[in-house]
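Participant: Have a look at this one.
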Amino acid sequence: MSLISFKSKKNKGPSTDELIERGFAPKNGRIDVLLIHPPSTIAERYGKDDMGEFGGDLIPLGIASLAGYLREKGYGVGVLDCPALRINSEEVYNIIKRKNPEIIGFSTTTYSLARAVEIGKAIRDKLPDKLTVVGGSHANVAGIETANKYDIFDIIAYGLDGEHIMHAITEKYSVKKFNRNEFLKDSETLSKIKGIIYKKNGEVIRNSPTEIINNLDELPLPARDLFPMERYIPVPHHYKKLPLTNMVVIRGCPYFCTFCDQAGTKTRRRSPQKVIDEIKHCVEKYGVKEISFWDDTLSYHKKWMKEFLDLLMKEKLDICWSCFAAVNTVDEEILKLMAKAGCWNIFYGYETGVDVLAKNMLTHRKNRDFDKMKKVAKWTKDAGIEVIGSFVIGLPGETPELAKQTIQNAIELDPDYVQFAIACPYPGTQLAKEIKQGKWGKFVSDELEEYTTESVTWLPSGYSSVKELEDMQRYAFRKFYLRPSYIFKRILKLRSLEDLKRHIKGAVGLVKAFI
């Protein structure tokens, strides 16, 4: 019997206060590290004003993994997943004051940076003895910029694996008896912690990166027991069954797309058996019925994939699952095996089917050409697997005419769902470097908080204005989703009242945000 399950309307489950308390696992009566996923709404994540109650909350695996690792090392840990808990910055500050953690760590994306800054300012003003650390995807792509802009974060942690970095910070800080002033004045100690950025006499120092974790099997499972598992529901078209949890079993990406902050990072896999063990743990403890694999490309290593699928089928677990894949990593055989093992949905990062645009950003290395995309889309559908296609508007070298070709690519591939993101040159990426060199176009914003795939932060030379690019994104959504043939096919696929409710919720959010 699962310890956690989705509740009926009559029994709504634990209160927010109870879920907050669940997130704290003290050691010797103390919380050494509090890890915070800052407040944000689904509208902020998509850069839109109002999308309604849309879902979209999933466990933040970064801080869940850090919490599991630090707890195993003997430290008291706490976690606050603010979006799922529906708590704001003031409430977070009050919890910090009450729980009195020694270290406060923020895991931020660009869209949640503003809230982390808001909380950080309150800490620095009212709790000046607290050490603040910021990490996460934003710190990875804009660590130096963040250190230059904000004085409220003592340390910025960057790199592919945060476990060793956060452990080193905590260990060294504990030696200083959690004295912030003594710790920050000890430049010799700070200089030996790999993977951090900090200030010394006003100068920003970036230490060398930490060594990557080659053997992922050595890491403990993410500390899901600390999180509000009852509240995690994806956006409507990203799931079939609840309860659902997400997993990451592969770190890094073997491709070199110029717009991506993960480009060319060393790819490492957990063993197939360890993945099965985590799935069984989630099924047995939390009653999970669906897994959403968040790995950049789950299918990139065919031998590993076949071994994993074989083990999964032998276990005969009553689950379904979805994943991300690249066109060049799958064939008819592997897709049929994936479907047999419970895969119902694959998210393909198509980006574009226009050869010149694909080569400008090196995505042709993962999606050979448009003909191959069409073959793989057909194979996937023939296997009984739904397709989500990701496309990008505002690519290097793009004009409105070429953007319309990308939109036509999406219509010809005819995935079950699409997303049209706006190209974002995150600091440190190859695309950002090329734009700074005068290639492709010009930056129109240097505000770090705006660097999301739903905001225009640069303008390709082929566009006359920001508005023209924004209008192209809206045109893309309308052109794809308002086709009578598309609407009719979605209606035919409805199988239950729950399906209908999910589709209505998704349609309302889409119309409010993009159409």
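Convention: chains lettered A, B, ... in structure tokens order; per-chain residue numbering from 1; ligands numbered from 1 as shown.
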Could you find all residues in stretch 80-292 of chain A that DSSP calls strand (DSSP E or B) from the backbone, and write them as a ChimeraX atom specification?

Facilitator: /A:80-81,103-107,131-135,155-157,196-200,203-206,233,244-247,250-251,268-269,290-292

Participant: When you look at A:Leu219 with a cut-off of 12 Å (counting only C-alpha atoms), what residues show up, excluding the ones that are within fewer than 2 positions of it in the same chain? I need them as a ChimeraX atom specification.

Facilitator: /A:64-73,161-164,213-217,221-223,249,269-271,274-275,278

Participant: With distances taken over only C-alpha atoms, which residue among A:Ile407, A:Leu127, A:Ala341, A:Ala25 lies nearest A:Lys316?

Facilitator: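 Selected residue with least distance to A:Lys316: A:Ala341.
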
Participant: If we count only C-alpha atoms, what is near stretch 103-120 of chain A at a cut-off of 8 Å, once residues fewer than 6 positions away on the same chain are taken out, given as an MDAnalysis selection string?

Facilitator: chainID A and resid 32:40 44:45 62:63 89:90 92:93 130:139 152:153 170 448:452

Participant: Which residues, written as number ranges by chain, have at least one atom at most 12 Å from stretch 207-212 of chain A, with only C-alpha atoms counted and residues fewer than 3 positions away on the same chain left out?

Facilitator: A: 140, 143-144, 155-168, 187-200, 204, 215-216, 251-252, 265-268

Participant: Restricting it to N, CA and C atoms, dump the selection as a compact mmCIF listing (two decimals), in the first residue's frame.

Facilitator:
```txt
# COMPACT_ATOMS: atom_id res chain seq x y z
N ASN A 140 24.27 28.11 -13.79
CA ASN A 140 25.15 27.45 -14.75
C ASN A 140 25.40 28.30 -15.99
N GLY A 143 26.39 32.54 -14.16
CA GLY A 143 26.98 32.65 -12.82
C GLY A 143 27.77 33.92 -12.62
N ILE A 144 28.66 34.24 -13.56
CA ILE A 144 29.47 35.45 -13.46
C ILE A 144 28.59 36.69 -13.47
N ILE A 155 27.74 32.79 -2.36
CA ILE A 155 28.41 31.83 -3.24
C ILE A 155 27.46 31.44 -4.36
N ILE A 156 28.00 31.31 -5.55
CA ILE A 156 27.24 30.78 -6.68
C ILE A 156 27.88 29.45 -7.07
N ALA A 157 27.07 28.41 -7.09
CA ALA A 157 27.56 27.07 -7.43
C ALA A 157 27.19 26.77 -8.88
N TYR A 158 28.15 26.32 -9.65
CA TYR A 158 27.89 26.03 -11.06
C TYR A 158 28.47 24.66 -11.40
N GLY A 159 27.96 24.06 -12.45
CA GLY A 159 28.51 22.79 -12.90
C GLY A 159 27.44 21.75 -13.15
N LEU A 160 27.87 20.60 -13.66
CA LEU A 160 26.94 19.55 -14.06
C LEU A 160 26.37 18.79 -12.88
N ASP A 161 27.14 18.66 -11.81
CA ASP A 161 26.72 17.88 -10.65
C ASP A 161 26.87 18.73 -9.39
N GLY A 162 25.77 18.99 -8.72
CA GLY A 162 25.82 19.86 -7.56
C GLY A 162 26.11 19.17 -6.24
N GLU A 163 25.99 17.83 -6.22
CA GLU A 163 26.11 17.11 -4.94
C GLU A 163 27.46 17.35 -4.27
N HIS A 164 28.55 17.15 -5.01
CA HIS A 164 29.88 17.31 -4.41
C HIS A 164 30.15 18.76 -4.03
N ILE A 165 29.65 19.69 -4.83
CA ILE A 165 29.88 21.11 -4.54
C ILE A 165 29.20 21.51 -3.25
N MET A 166 27.92 21.17 -3.12
CA MET A 166 27.17 21.56 -1.92
C MET A 166 27.70 20.85 -0.69
N HIS A 167 28.14 19.62 -0.86
CA HIS A 167 28.73 18.90 0.28
C HIS A 167 30.02 19.58 0.72
N ALA A 168 30.85 20.00 -0.24
CA ALA A 168 32.11 20.66 0.10
C ALA A 168 31.86 21.98 0.82
N SER A 187 39.92 33.17 2.37
CA SER A 187 40.05 33.01 0.91
C SER A 187 40.80 31.73 0.54
N GLU A 188 41.65 31.26 1.42
CA GLU A 188 42.38 30.03 1.12
C GLU A 188 41.43 28.83 1.08
N THR A 189 40.52 28.78 2.06
CA THR A 189 39.53 27.71 2.07
C THR A 189 38.59 27.81 0.88
N LEU A 190 38.10 29.01 0.59
CA LEU A 190 37.19 29.20 -0.54
C LEU A 190 37.85 28.80 -1.86
N SER A 191 39.12 29.11 -1.99
CA SER A 191 39.82 28.83 -3.25
C SER A 191 39.93 27.34 -3.54
N LYS A 192 39.77 26.51 -2.51
CA LYS A 192 39.91 25.06 -2.68
C LYS A 192 38.57 24.37 -2.97
N ILE A 193 37.48 25.12 -2.95
CA ILE A 193 36.16 24.53 -3.24
C ILE A 193 35.89 24.67 -4.73
N LYS A 194 35.92 23.57 -5.43
CA LYS A 194 35.72 23.62 -6.87
C LYS A 194 34.24 23.83 -7.21
N GLY A 195 34.02 24.50 -8.33
CA GLY A 195 32.66 24.69 -8.82
C GLY A 195 31.91 25.85 -8.19
N ILE A 196 32.65 26.82 -7.62
CA ILE A 196 31.96 27.96 -7.01
C ILE A 196 32.48 29.28 -7.57
N ILE A 197 31.64 30.30 -7.47
CA ILE A 197 31.96 31.68 -7.83
C ILE A 197 31.69 32.53 -6.60
N TYR A 198 32.61 33.42 -6.26
CA TYR A 198 32.44 34.25 -5.07
C TYR A 198 33.24 35.54 -5.28
N LYS A 199 33.14 36.44 -4.32
CA LYS A 199 33.86 37.70 -4.42
C LYS A 199 34.97 37.78 -3.38
N LYS A 200 36.09 38.29 -3.81
CA LYS A 200 37.23 38.52 -2.93
C LYS A 200 37.67 39.97 -3.12
N VAL A 204 35.20 39.37 -8.60
CA VAL A 204 34.53 38.09 -8.79
C VAL A 204 35.57 37.01 -9.12
N ASN A 215 30.22 7.72 -11.85
CA ASN A 215 29.40 6.59 -11.44
C ASN A 215 28.14 7.09 -10.73
N LEU A 216 27.08 7.30 -11.47
CA LEU A 216 25.85 7.83 -10.89
C LEU A 216 25.17 6.84 -9.95
N ARG A 251 22.75 11.99 -17.16
CA ARG A 251 23.17 13.38 -17.04
C ARG A 251 24.06 13.74 -18.23
N GLY A 252 23.89 14.99 -18.69
CA GLY A 252 24.68 15.46 -19.81
C GLY A 252 23.99 15.19 -21.13
N THR A 265 28.07 18.40 -23.03
CA THR A 265 28.43 17.95 -21.68
C THR A 265 28.56 16.43 -21.67
N LYS A 266 29.50 15.95 -20.90
CA LYS A 266 29.77 14.52 -20.89
C LYS A 266 28.55 13.76 -20.41
N THR A 267 28.15 12.75 -21.19
CA THR A 267 26.94 11.98 -20.88
C THR A 267 27.29 10.78 -20.02
N ARG A 268 26.53 10.64 -18.92
CA ARG A 268 26.73 9.51 -18.01
C ARG A 268 25.39 8.88 -17.68
```

Participant: Could you give me, as a Markdown table, a per-residue list for stretch 258-292 of chain A showing, wherever an atom lies at most 12 Å from an atom of stretch 416-423 of chain A, the closest pair of atoms and their distance in Å to one decimal, using only C-alpha atoms and sorting by chain then residue number from low to high?

Facilitator:
```
| residue | atom | partner | partner_atom | distance |
| --- | --- | --- | --- | --- |
| A:Thr258 | CA | A:Ala423 | CA | 10.4 |
| A:Phe259 | CA | A:Ala423 | CA | 7.3 |
| A:Cys260 | CA | A:Ala423 | CA | 9.7 |
```

Participant: Using only C-alpha atoms, which residues sit within 8 Å of A:Thr399 once same-chain residues fewer than 3 positions away are excluded, as a short mmCIF file (atom, residue, chain, number, x, y, z; two decimals) with C-alpha atoms, in the first residue's frame?

Facilitator:
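So the final result, stored in around-v2.cif, reads:
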```cif
data_model
loop_
_atom_site.label_atom_id
_atom_site.label_comp_id
_atom_site.auth_asym_id
_atom_site.auth_seq_id
_atom_site.Cartn_x
_atom_site.Cartn_y
_atom_site.Cartn_z
CA GLY A 394 13.73 33.30 -34.01
CA LEU A 402 11.88 30.70 -43.08
CA ALA A 403 9.92 30.74 -39.81
CA PRO A 460 17.67 38.04 -35.68
CA SER A 461 18.75 40.26 -38.57
CA GLY A 462 15.87 38.94 -40.68
CA TYR A 463 13.23 40.56 -38.42
#
```

Participant: If you run DSSP on the backbone, which residues of stretch 111-286 of chain A are helix (DSSP H, G or I), as a PyMOL selection string?

Facilitator: chain A and resi 113-126+137-149+163-175+180-185+187-191+216-218+224-226+229-231+236-238+272-286

Participant: Using only C-alpha atoms, which protein or nucleic acid residues come within 9 Å of A:Cys323? Drop anything in the same chain fewer than 2 positions from it, and give the result as a ChimeraX atom specification.

Facilitator: /A:291-299,321,325,343-348

Participant: How would the residues just picked look written out with N, CA and C atoms as a JSON list (two decimals), in the first residue's frame?

Facilitator:
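Saved as selection_25.json:
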```json
[["chain", "number", "residue", "atom", "x", "y", "z"],
["A", 291, "ILE", "N", 5.78, 7.41, -15.04],
["A", 291, "ILE", "CA", 7.10, 8.02, -14.91],
["A", 291, "ILE", "C", 7.31, 8.97, -16.08],
["A", 292, "SER", "N", 7.76, 10.17, -15.78],
["A", 292, "SER", "CA", 8.15, 11.12, -16.82],
["A", 292, "SER", "C", 9.67, 11.25, -16.76],
["A", 293, "PHE", "N", 10.37, 10.68, -17.75],
["A", 293, "PHE", "CA", 11.83, 10.75, -17.78],
["A", 293, "PHE", "C", 12.24, 12.11, -18.35],
["A", 294, "TRP", "N", 13.01, 12.84, -17.56],
["A", 294, "TRP", "CA", 13.40, 14.20, -17.95],
["A", 294, "TRP", "C", 14.81, 14.27, -18.53],
["A", 295, "ASP", "N", 15.39, 13.14, -18.83],
["A", 295, "ASP", "CA", 16.74, 13.14, -19.41],
["A", 295, "ASP", "C", 16.71, 13.83, -20.78],
["A", 296, "ASP", "N", 17.79, 14.54, -21.12],
["A", 296, "ASP", "CA", 17.83, 15.25, -22.40],
["A", 296, "ASP", "C", 17.54, 14.32, -23.57],
["A", 297, "THR", "N", 18.13, 13.13, -23.54],
["A", 297, "THR", "CA", 17.92, 12.15, -24.62],
["A", 297, "THR", "C", 18.03, 10.75, -24.02],
["A", 298, "LEU", "N", 16.92, 10.22, -23.55],
["A", 298, "LEU", "CA", 16.93, 8.91, -22.89],
["A", 298, "LEU", "C", 17.45, 7.82, -23.82],
["A", 299, "SER", "N", 17.19, 7.96, -25.11],
["A", 299, "SER", "CA", 17.45, 6.87, -26.07],
["A", 299, "SER", "C", 18.81, 6.95, -26.75],
["A", 321, "TRP", "N", 4.96, 5.45, -19.25],
["A", 321, "TRP", "CA", 6.02, 6.44, -19.12],
["A", 321, "TRP", "C", 6.20, 7.24, -20.41],
["A", 325, "ALA", "N", 13.60, 12.35, -26.68],
["A", 325, "ALA", "CA", 14.47, 11.59, -27.59],
["A", 325, "ALA", "C", 14.89, 12.48, -28.74],
["A", 343, "CYS", "N", 5.93, 2.86, -22.94],
["A", 343, "CYS", "CA", 6.10, 4.24, -23.38],
["A", 343, "CYS", "C", 4.87, 4.68, -24.19],
["A", 344, "TRP", "N", 4.28, 5.81, -23.82],
["A", 344, "TRP", "CA", 3.10, 6.29, -24.54],
["A", 344, "TRP", "C", 3.33, 7.63, -25.22],
["A", 345, "ASN", "N", 4.47, 8.30, -24.89],
["A", 345, "ASN", "CA", 4.69, 9.65, -25.41],
["A", 345, "ASN", "C", 6.19, 9.93, -25.50],
["A", 346, "ILE", "N", 6.60, 10.48, -26.64],
["A", 346, "ILE", "CA", 8.00, 10.91, -26.81],
["A", 346, "ILE", "C", 8.02, 12.38, -27.21],
["A", 347, "PHE", "N", 8.87, 13.14, -26.54],
["A", 347, "PHE", "CA", 9.08, 14.56, -26.83],
["A", 347, "PHE", "C", 10.32, 14.68, -27.70],
["A", 348, "TYR", "N", 10.15, 15.07, -28.95],
["A", 348, "TYR", "CA", 11.27, 15.25, -29.88],
["A", 348, "TYR", "C", 11.62, 16.73, -29.99]]
```

Participant: How many Å lie between atom CA of A:Ile96 and atom CA of A:Arg180, rounded to one decimal?

Facilitator: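 We find that atom CA of A:Ile96 and atom CA of A:Arg180 lie 16.3 Å from each other.
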
Participant: Find, counting only C-alpha atoms, the residue in A:Gly23, A:Lys359, A:Lys121, A:Lys176 that gets nearest to A:Asp151.

Facilitator: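 Checking each of A:Gly23, A:Lys359, A:Lys121, A:Lys176 against A:Asp151, counting only C-alpha atoms, the winner is A:Lys121.
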
Participant: Using only C-alpha atoms for the distances, tell me which of A:Pro14, A:Gly384, A:Pro484, A:Pro427 is nearest to A:Thr146.

Facilitator: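 Among A:Pro14, A:Gly384, A:Pro484, A:Pro427, it is A:Pro427 that comes nearest to A:Thr146.
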
Participant: In Å to one decimal, how far is atom CA of A:Leu413 from atom CA of A:Glu468?

Facilitator: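 For atom CA of A:Glu468 relative to atom CA of A:Leu413, the distance reads 25.2 Å.
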
Participant: Distance atom CA of A:Ala410-atom CA of A:Pro254, one decimal place?

Facilitator: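 Going from atom CA of A:Ala410 over to atom CA of A:Pro254, I get 24.6 Å.
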
Participant: Check the smallest atom-to-atom distance from each of A:Val77, A:Ile279, A:Val327, A:Cys82 to A:Leu58 using only C-alpha atoms, then report the winner.

Facilitator: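 The shortest atom-to-atom distance to A:Leu58 comes from A:Cys82.
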